[in-house]
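Taking it in order: structure first as structure tokens, then the write-up.
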Amino acid sequence: SVLSRYENQITILSDYLEEFPETDEPVWILGRQHHLNTDKSKLLLDISARLWFTYRRKFSPIGGTGPSSDAGWGCMLRCGQMMLAQALICRHLGRDWQWEKHKKQPEEYHRILRCFLDRKDCCYSIHQMAQMGVGEGKSIGEWFGPNTVAQVLKKLALFDEWNSLAVYVSMDNTVVIEDIKKMCWYPPQSSSVAHSSAHLHRSALGRNKNTAGFCTGWKPLLLIIPLRLGINHINPVYIDAFKECFKMPQSLGALGGKPNNAYYFIGFLGNELIYLDPHTTQSFVDWEENGTVDDESFHCQQAPHRMKIMNLDPSVALGFFCKEECDFDNWCSLVQKEILKQQSLRMFELVQKHPPHWPPFIPPTKPEVTTTGAELIESTDKLFELEEEFEILSV
């Protein structure tokens, strides 16, 4: 019966894909090429495997007295969650991992999902993102732009020892190779800070070696490049370069959309962008006693949405994931070859050295304890304790 339901799902979604034009042009999804004429099912599986975060209702009030739903204001936060979740999927499960309805998934998958559940003790929850946004000048319940979400993710990642990401958000449309390498090879946090979260540090590091599958000293890189590709409308000169970014194997897509309507763009066909839409309100989902998550509502099982690239708001943020240093080096080569080649107006700059007129680059470290930070550290410790209990129960 499970197989029958799965086959029915493929049939239904394949019917939706008939809405795509008959074309020999490839469809690009996060660095993977698909052909509508020959492998619609693979395209379908690739899209449905992305974690899909939408508005939710009936979660615990943010900050204790705040909203219990993010409908109407949380769409860009949800898109940021989707981009980050894709990075974590690539980090722990690989880009070619696929999700299938009712199929048992590895523990890492459920652990990734638990990072994003709508609880104040989950490190990338709507609660943590909204509260961290206060430091970026955004009130809880206020709409975020792509750059604000990027800054919030960069701060929250400092508290996330398990995934141990280095998050670099470019400034002034410029990516500095020297700064990224300094950050990704930066030595572990000081002993005084480490002591304050000793349990978190020990439990996370002990698992990193097992789940990551390698130990090189390079912190996996989440690279986010906020851009303004025009004034009121996207400048057509950027379109080819923008599309090239979705072809790169390091691609995490783009955050953007239309004013006050955020979408997570995962690919393109011709001059149409393909995106996941967070504007569906679903009920809060918590994890089960065994640590698993009922995940059906976290995967979009409908036809993907499309929009003409010229309708895109010019304010966007590109995302890329480089698990190892060679991935980043390869990305730099692709940028030089495909993005910066013979362009009179470059989408962004890639430079080797830190610009001398900029302030010195200091790799970010976990901030001093604040109200939000203290709550996050305490809650993350509890989360790891719960996860250890789940692991014991599953043995």
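If you're wondering about the labels, chains in the structure tokens are A, B, ... by order shown, residues count from 1 in each chain, ligands from 1 in order shown.
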Residues of range 99-186 of chain A in helix (DSSP H, G or I), written as a ChimeraX atom specification: /A:107-116,126-134,146-157,177-184
Produce a table with one row for each residue of range 82-167 of chain A that has an atom at most 10 Å from any atom of range 297-319 of chain A, each row naming the nearest atom pair and its distance in Å at one decimal; use only C-alpha atoms; arrange rows by chain and rising residue number; format as a Markdown table.
```
| residue | atom | partner | partner_atom | distance |
| --- | --- | --- | --- | --- |
| A:Met83 | CA | A:Gly319 | CA | 7.1 |
| A:Leu84 | CA | A:Gly319 | CA | 8.7 |
| A:Gln86 | CA | A:Gly319 | CA | 9.9 |
| A:Ala87 | CA | A:Gly319 | CA | 9.0 |
| A:Trp99 | CA | A:His299 | CA | 8.5 |
| A:Glu100 | CA | A:His299 | CA | 9.6 |
| A:Lys101 | CA | A:His299 | CA | 9.1 |
| A:Leu113 | CA | A:Phe298 | CA | 8.7 |
| A:Gly145 | CA | A:Ser315 | CA | 8.1 |
| A:Pro146 | CA | A:Ala317 | CA | 5.7 |
| A:Asn147 | CA | A:Ala317 | CA | 6.8 |
| A:Val149 | CA | A:Ala317 | CA | 9.4 |
| A:Ala150 | CA | A:Ala317 | CA | 8.0 |
```
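Between Ser333 in chain A and the candidates A:Ser170, A:Tyr275, A:Asn290, A:Leu350, the tightest atom-to-atom separation, counting only C-alpha atoms, involves A:Leu350.
Going from CA of Arg50 in chain A to CA of Leu269 in chain A covers 17.8 Å.
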Tell me which of A:Val167, A:Ala71, A:Leu45, A:Ala262 sits closest to Asp277 in chain A, counting only C-alpha atoms.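 Going through A:Val167, A:Ala71, A:Leu45, A:Ala262 one by one, the smallest distance to Asp277 in chain A is for A:Ala262.
Here the question is which of A:Gln282, A:Asn232, A:Asn271, A:Gln33 gets nearest to Asp118 in chain A using only C-alpha atoms, and that residue is A:Gln282.
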Selection near Leu156 in chain A, 8 Å with only C-alpha atoms, sequence-local residues under 2 positions removed, as an NGL selection string: :A and (123-124 or 128-129 or 132 or 152-154 or 158-160)
With distances taken over only C-alpha atoms, which residue among A:Asp295, A:Asp179, A:Glu161, A:Glu288 lies nearest Gln105 in chain A?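 Smallest separation from Gln105 in chain A among the options: A:Asp295.
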Give me, please, the distance in Å between CA of Glu142 in chain A and CA of Gly74 in chain A, quoted to one decimal. 7.9 Å
Compile the contact shell of Val351 in chain A as JSON, numbers by chain: residues with an atom at most 10 Å away, counting only C-alpha atoms, same-chain residues fewer than 2 positions apart removed. {"A": [174, 175, 176, 177, 178, 179, 332, 348, 349, 353, 354, 355]}
Same residues, all heavy atoms, saved as a short mmCIF file (atom, residue, chain, number, x, y, z; two decimals), in the first residue's frame:
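File produced: selection_27.cif:
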```cif
data_model
loop_
_atom_site.label_atom_id
_atom_site.label_comp_id
_atom_site.auth_asym_id
_atom_site.auth_seq_id
_atom_site.Cartn_x
_atom_site.Cartn_y
_atom_site.Cartn_z
N THR A 174 30.76 42.43 -2.53
CA THR A 174 32.13 41.96 -2.68
C THR A 174 32.38 40.74 -1.81
O THR A 174 32.13 40.76 -0.60
CB THR A 174 33.14 43.07 -2.29
OG1 THR A 174 32.88 44.24 -3.08
CG2 THR A 174 34.57 42.62 -2.51
N VAL A 175 32.88 39.67 -2.43
CA VAL A 175 33.27 38.45 -1.72
C VAL A 175 34.79 38.45 -1.63
O VAL A 175 35.48 38.53 -2.64
CB VAL A 175 32.77 37.19 -2.46
CG1 VAL A 175 33.26 35.93 -1.75
CG2 VAL A 175 31.25 37.20 -2.55
N VAL A 176 35.31 38.35 -0.40
CA VAL A 176 36.75 38.42 -0.18
C VAL A 176 37.29 37.02 0.15
O VAL A 176 36.97 36.47 1.21
CB VAL A 176 37.09 39.41 0.96
CG1 VAL A 176 38.61 39.53 1.13
CG2 VAL A 176 36.47 40.77 0.69
N ILE A 177 38.06 36.48 -0.75
CA ILE A 177 38.57 35.11 -0.59
C ILE A 177 39.41 34.98 0.67
O ILE A 177 39.26 34.03 1.45
CB ILE A 177 39.40 34.70 -1.83
CG1 ILE A 177 38.50 34.65 -3.06
CG2 ILE A 177 40.10 33.36 -1.60
CD1 ILE A 177 39.24 34.44 -4.38
N GLU A 178 40.28 35.94 0.92
CA GLU A 178 41.17 35.91 2.09
C GLU A 178 40.37 35.83 3.39
O GLU A 178 40.69 35.05 4.29
CB GLU A 178 42.05 37.17 2.08
CG GLU A 178 42.98 37.28 3.27
CD GLU A 178 43.75 38.59 3.25
OE1 GLU A 178 43.12 39.66 3.05
OE2 GLU A 178 44.98 38.54 3.43
N ASP A 179 39.29 36.61 3.49
CA ASP A 179 38.48 36.62 4.70
C ASP A 179 37.75 35.30 4.91
O ASP A 179 37.65 34.79 6.04
CB ASP A 179 37.47 37.77 4.64
CG ASP A 179 38.13 39.13 4.68
OD1 ASP A 179 39.35 39.19 4.96
OD2 ASP A 179 37.44 40.14 4.41
N CYS A 332 35.09 29.61 -6.74
CA CYS A 332 35.81 30.82 -7.17
C CYS A 332 36.16 30.75 -8.65
O CYS A 332 36.02 31.73 -9.39
CB CYS A 332 37.08 31.01 -6.33
SG CYS A 332 36.78 31.43 -4.60
N PHE A 348 28.43 40.89 -8.84
CA PHE A 348 29.19 41.10 -7.61
C PHE A 348 30.67 40.94 -7.94
O PHE A 348 31.04 40.49 -9.02
CB PHE A 348 28.76 40.13 -6.49
CG PHE A 348 28.95 38.67 -6.81
CD1 PHE A 348 30.15 38.03 -6.58
CD2 PHE A 348 27.90 37.92 -7.34
CE1 PHE A 348 30.33 36.67 -6.86
CE2 PHE A 348 28.06 36.57 -7.62
CZ PHE A 348 29.27 35.94 -7.39
N GLU A 349 31.52 41.32 -6.99
CA GLU A 349 32.97 41.24 -7.18
C GLU A 349 33.54 40.10 -6.34
O GLU A 349 33.05 39.82 -5.24
CB GLU A 349 33.65 42.56 -6.78
CG GLU A 349 33.27 43.75 -7.62
CD GLU A 349 33.85 43.69 -9.03
OE1 GLU A 349 34.78 42.89 -9.25
OE2 GLU A 349 33.37 44.44 -9.90
N LYS A 353 42.23 39.73 -1.86
CA LYS A 353 42.68 40.34 -0.61
C LYS A 353 41.62 41.24 0.01
O LYS A 353 40.80 41.83 -0.68
CB LYS A 353 43.95 41.17 -0.86
CG LYS A 353 45.16 40.34 -1.30
CD LYS A 353 45.64 39.45 -0.16
CE LYS A 353 46.92 38.70 -0.54
NZ LYS A 353 47.37 37.81 0.55
N HIS A 354 41.69 41.35 1.31
CA HIS A 354 40.79 42.23 2.06
C HIS A 354 41.06 43.68 1.65
O HIS A 354 42.20 44.14 1.70
CB HIS A 354 41.03 42.04 3.56
CG HIS A 354 40.09 42.81 4.43
ND1 HIS A 354 38.85 42.35 4.79
CD2 HIS A 354 40.21 44.04 5.00
CE1 HIS A 354 38.25 43.24 5.56
NE2 HIS A 354 39.05 44.27 5.70
N PRO A 355 40.02 44.41 1.22
CA PRO A 355 40.25 45.80 0.80
C PRO A 355 40.87 46.63 1.93
O PRO A 355 40.37 46.60 3.07
CB PRO A 355 38.83 46.30 0.47
CG PRO A 355 38.07 45.05 0.12
CD PRO A 355 38.63 43.98 1.00
#
```
If you count only C-alpha atoms, which residues fall within 12 Å of Ala166 in chain A, apart from same-chain ones fewer than 5 positions away, as a PyMOL selection string? chain A and resi 84+87+153-161+179-188+217-224+320-325+363-366
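Atom pair CA of Gly64 in chain A / CA of Thr281 in chain A has a distance of 21.1 Å (rounded to one decimal).
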Measuring between only C-alpha atoms, which one of A:Met82, A:Cys326, A:Met347, A:Ile362 shows the shortest distance to Leu51 in chain A?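 Distance minimum relative to Leu51 in chain A lands on A:Met82.
Among the candidates A:Ile266, A:Leu255, A:Ile231, A:Val237, the residue lying nearest to Phe144 in chain A is A:Leu255 (atoms considered: only C-alpha atoms).
Residue-level DSSP output for range 40-249 of chain A, from the backbone, shows strand (DSSP E) at Arg56, Arg57, Ala166, Val167, Tyr168, Val169, Thr174, Val175, Val176, Leu221, Leu222, Leu223, Ile224, Ile225, Pro226, Leu227 and Arg228 of chain A.
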